[in-house]
Amino acid sequence: RASQLSEPLQCHIEPSEKTWRHVAKEQFQNVLDLVGHPIQHAKYWWEVTTHKEWLKSSISRRMCRWWVCPLFGLLFWRGDFTRLPIFLSSIVCAFLPVEYIISDFLTTVLLSCTLTSWWKWEGMVGFPYGSDSFFSSLLPFLLMMLFFMSLVGLHTSSVLVFLVSVAGWIFTAESTHSLNALWFSMWGGMITCATATIEFRSAAQFSQLHEVFDKATLGACTVDRKTGIILKAEPGLARTFGMKRDNELIGKTFGDYVDEKHHRMV
């Protein structure tokens, strides 16, 4: 259309000069974007790994502590009454509620305090407490304990607390300040990172699956095959039946909501 005008088209562009304030603001926003992504990922990791449904699920491996913790205490006790506090603390840790994250921190603190106190009182056979040989002989057991803590589904944050506290204990208690604390931190950090990755991926898939069941379908539920009682129900299923509360279906018989001609099929 410019070619059809009688007068030539004139364009005037004013140069846009950015002041130092605009440049600083843009750079600050770029820094916030770089920092914000890890913060968002960390927030998402915390949300999915501390959700009660995930903590109560069998895939989180937290139910294993009901038999692993007493077995650990029993193997460590071996009838020696000087080690009885360790066995009792393992029994207490086994029966802490799995659906609360605070139980993981209580387990970590209880086991750490009991074990470090016992080692300080009794020491290792043939090695005085605080010597380099004492902690060198103790290092494989501490790493194995860290691995089993992750294996029974203790939250990564509580395992990290155990890692930092034990590394600090080794560093402050050692008389020669050798590299035992550094070796424990390095190998323990590798174990913690590996278990944290597995925990996050499993919890994220578990959360996405529940979201699909709740939003992409009319709802799903878990039913006891012997009694037919509904053990767990997604909120979408309660909304499908027009119920006001999400947990109103729990404890009821699944067959009551199925047509009689479909009872045999179900």
# chains A, B, ... in the order shown; residues from 1 in each chain; ligands from 1

$ residues_around --residues "A:Met144" --least-positions-apart "5" --cutoff "12 Å" --atoms "only C-alpha atoms" --output "number ranges by chain"
A: 72, 138-139, 149-151, 184, 187-188, 191-192

$ residues_around --residues "stretch 244-248 of chain A" --least-positions-apart "3" --cutoff "7 Å" --atoms "only C-alpha atoms" --output "list of chain:residue names"
A:Ala233, A:Pro235, A:Ala238

$ closest_residue --among "A:Val159, A:Leu55, A:Val92, A:Val258" --to "A:Pro70" --atoms "only C-alpha atoms"
A:Val92

$ closest_residue --among "A:Leu249, A:Leu209, A:Thr49, A:Ile230" --to "A:Thr197" --atoms "only C-alpha atoms"
A:Thr49

$ select_by_dssp --residues "stretch 30-258 of chain A" --states "strand (DSSP E or B)" --output "ChimeraX atom specification"
/A:124,127,221-223,229-233,253

$ closest_residue --among "A:Ile229, A:Ala42, A:Ala220, A:Leu146" --to "A:Thr195" --atoms "only C-alpha atoms"
A:Leu146

$ residues_around --residues "A:Ser90" --least-positions-apart "2" --cutoff "10 Å" --atoms "only C-alpha atoms" --output "PyMOL selection string"
chain A and resi 65-74+84-88+92-95+107+110-111+114

$ write_last_selection --atoms "N, CA, C and O atoms" --output "PDB file, in the first residue's frame"
ATOM      1  N   ARG A  65       9.986 -51.251  57.620  1.00  0.00           N
ATOM      2  CA  ARG A  65      10.600 -50.972  58.921  1.00  0.00           C
ATOM      3  C   ARG A  65       9.956 -51.761  60.050  1.00  0.00           C
ATOM      4  O   ARG A  65      10.541 -51.912  61.116  1.00  0.00           O
ATOM      5  N   TRP A  66       8.720 -52.276  59.820  1.00  0.00           N
ATOM      6  CA  TRP A  66       8.044 -53.046  60.869  1.00  0.00           C
ATOM      7  C   TRP A  66       8.799 -54.324  61.205  1.00  0.00           C
ATOM      8  O   TRP A  66       8.693 -54.821  62.324  1.00  0.00           O
ATOM      9  N   TRP A  67       9.557 -54.852  60.253  1.00  0.00           N
ATOM     10  CA  TRP A  67      10.338 -56.061  60.548  1.00  0.00           C
ATOM     11  C   TRP A  67      11.845 -55.848  60.405  1.00  0.00           C
ATOM     12  O   TRP A  67      12.636 -56.560  61.027  1.00  0.00           O
ATOM     13  N   VAL A  68      12.271 -54.851  59.597  1.00  0.00           N
ATOM     14  CA  VAL A  68      13.701 -54.616  59.431  1.00  0.00           C
ATOM     15  C   VAL A  68      14.315 -53.996  60.686  1.00  0.00           C
ATOM     16  O   VAL A  68      15.398 -54.407  61.127  1.00  0.00           O
ATOM     17  N   CYS A  69      13.626 -53.021  61.291  1.00  0.00           N
ATOM     18  CA  CYS A  69      14.169 -52.362  62.487  1.00  0.00           C
ATOM     19  C   CYS A  69      14.325 -53.335  63.660  1.00  0.00           C
ATOM     20  O   CYS A  69      15.400 -53.372  64.284  1.00  0.00           O
ATOM     21  N   PRO A  70      13.315 -54.150  64.009  1.00  0.00           N
ATOM     22  CA  PRO A  70      13.542 -55.136  65.076  1.00  0.00           C
ATOM     23  C   PRO A  70      14.624 -56.147  64.737  1.00  0.00           C
ATOM     24  O   PRO A  70      15.394 -56.565  65.613  1.00  0.00           O
ATOM     25  N   LEU A  71      14.707 -56.546  63.456  1.00  0.00           N
ATOM     26  CA  LEU A  71      15.750 -57.493  63.057  1.00  0.00           C
ATOM     27  C   LEU A  71      17.133 -56.868  63.218  1.00  0.00           C
ATOM     28  O   LEU A  71      18.073 -57.529  63.692  1.00  0.00           O
ATOM     29  N   PHE A  72      17.252 -55.598  62.852  1.00  0.00           N
ATOM     30  CA  PHE A  72      18.525 -54.900  63.035  1.00  0.00           C
ATOM     31  C   PHE A  72      18.898 -54.829  64.513  1.00  0.00           C
ATOM     32  O   PHE A  72      20.048 -55.097  64.893  1.00  0.00           O
ATOM     33  N   GLY A  73      17.935 -54.457  65.360  1.00  0.00           N
ATOM     34  CA  GLY A  73      18.208 -54.385  66.792  1.00  0.00           C
ATOM     35  C   GLY A  73      18.539 -55.738  67.391  1.00  0.00           C
ATOM     36  O   GLY A  73      19.409 -55.850  68.266  1.00  0.00           O
ATOM     37  N   LEU A  74      17.871 -56.790  66.900  1.00  0.00           N
ATOM     38  CA  LEU A  74      18.113 -58.137  67.423  1.00  0.00           C
ATOM     39  C   LEU A  74      19.507 -58.639  67.032  1.00  0.00           C
ATOM     40  O   LEU A  74      20.220 -59.244  67.853  1.00  0.00           O
ATOM     41  N   LEU A  84      21.183 -53.406  75.117  1.00  0.00           N
ATOM     42  CA  LEU A  84      19.718 -53.449  75.183  1.00  0.00           C
ATOM     43  C   LEU A  84      19.064 -52.136  74.758  1.00  0.00           C
ATOM     44  O   LEU A  84      18.011 -52.164  74.105  1.00  0.00           O
ATOM     45  N   PRO A  85      19.614 -50.954  75.101  1.00  0.00           N
ATOM     46  CA  PRO A  85      18.984 -49.701  74.617  1.00  0.00           C
ATOM     47  C   PRO A  85      18.872 -49.617  73.100  1.00  0.00           C
ATOM     48  O   PRO A  85      17.908 -49.052  72.576  1.00  0.00           O
ATOM     49  N   ILE A  86      19.842 -50.199  72.378  1.00  0.00           N
ATOM     50  CA  ILE A  86      19.777 -50.175  70.912  1.00  0.00           C
ATOM     51  C   ILE A  86      18.616 -51.030  70.414  1.00  0.00           C
ATOM     52  O   ILE A  86      17.885 -50.643  69.489  1.00  0.00           O
ATOM     53  N   PHE A  87      18.428 -52.191  71.036  1.00  0.00           N
ATOM     54  CA  PHE A  87      17.313 -53.057  70.651  1.00  0.00           C
ATOM     55  C   PHE A  87      15.969 -52.399  70.956  1.00  0.00           C
ATOM     56  O   PHE A  87      15.047 -52.432  70.134  1.00  0.00           O
ATOM     57  N   LEU A  88      15.858 -51.744  72.115  1.00  0.00           N
ATOM     58  CA  LEU A  88      14.605 -51.081  72.481  1.00  0.00           C
ATOM     59  C   LEU A  88      14.316 -49.894  71.562  1.00  0.00           C
ATOM     60  O   LEU A  88      13.159 -49.666  71.171  1.00  0.00           O
ATOM     61  N   VAL A  92      11.005 -49.211  69.079  1.00  0.00           N
ATOM     62  CA  VAL A  92      10.224 -47.968  69.058  1.00  0.00           C
ATOM     63  C   VAL A  92      10.157 -47.408  67.639  1.00  0.00           C
ATOM     64  O   VAL A  92       9.094 -46.975  67.175  1.00  0.00           O
ATOM     65  N   CYS A  93      11.286 -47.432  66.926  1.00  0.00           N
ATOM     66  CA  CYS A  93      11.317 -46.908  65.554  1.00  0.00           C
ATOM     67  C   CYS A  93      10.418 -47.710  64.621  1.00  0.00           C
ATOM     68  O   CYS A  93       9.850 -47.164  63.675  1.00  0.00           O
ATOM     69  N   ALA A  94      10.274 -49.005  64.886  1.00  0.00           N
ATOM     70  CA  ALA A  94       9.478 -49.856  64.002  1.00  0.00           C
ATOM     71  C   ALA A  94       8.004 -49.505  64.054  1.00  0.00           C
ATOM     72  O   ALA A  94       7.280 -49.677  63.056  1.00  0.00           O
ATOM     73  N   PHE A  95       7.518 -49.015  65.193  1.00  0.00           N
ATOM     74  CA  PHE A  95       6.079 -48.787  65.354  1.00  0.00           C
ATOM     75  C   PHE A  95       5.698 -47.314  65.318  1.00  0.00           C
ATOM     76  O   PHE A  95       4.583 -46.961  65.682  1.00  0.00           O
ATOM     77  N   THR A 107      13.183 -41.295  64.190  1.00  0.00           N
ATOM     78  CA  THR A 107      13.960 -42.521  64.014  1.00  0.00           C
ATOM     79  C   THR A 107      15.436 -42.218  63.852  1.00  0.00           C
ATOM     80  O   THR A 107      16.300 -42.865  64.468  1.00  0.00           O
ATOM     81  N   LEU A 110      16.870 -40.889  67.222  1.00  0.00           N
ATOM     82  CA  LEU A 110      16.914 -41.929  68.245  1.00  0.00           C
ATOM     83  C   LEU A 110      18.039 -42.920  67.987  1.00  0.00           C
ATOM     84  O   LEU A 110      18.833 -43.251  68.888  1.00  0.00           O
ATOM     85  N   LEU A 111      18.150 -43.398  66.740  1.00  0.00           N
ATOM     86  CA  LEU A 111      19.213 -44.353  66.415  1.00  0.00           C
ATOM     87  C   LEU A 111      20.596 -43.721  66.504  1.00  0.00           C
ATOM     88  O   LEU A 111      21.541 -44.346  67.002  1.00  0.00           O
ATOM     89  N   THR A 114      21.524 -43.163  70.245  1.00  0.00           N
ATOM     90  CA  THR A 114      21.743 -44.435  70.944  1.00  0.00           C
ATOM     91  C   THR A 114      23.051 -45.086  70.510  1.00  0.00           C
ATOM     92  O   THR A 114      23.847 -45.545  71.342  1.00  0.00           O
TER      93      THR A 114
END

$ atom_distance --atom1 "atom CA of A:Leu106" --atom2 "atom CA of A:Phe141"
20.8 Å

$ closest_residue --among "A:Ala203, A:Ala194, A:Ala173, A:Leu142" --to "A:Glu53" --atoms "only C-alpha atoms"
A:Ala203

$ closest_residue --among "A:Leu160, A:Ile198, A:Leu231, A:Leu179" --to "A:Trp45" --atoms "only C-alpha atoms"
A:Ile198
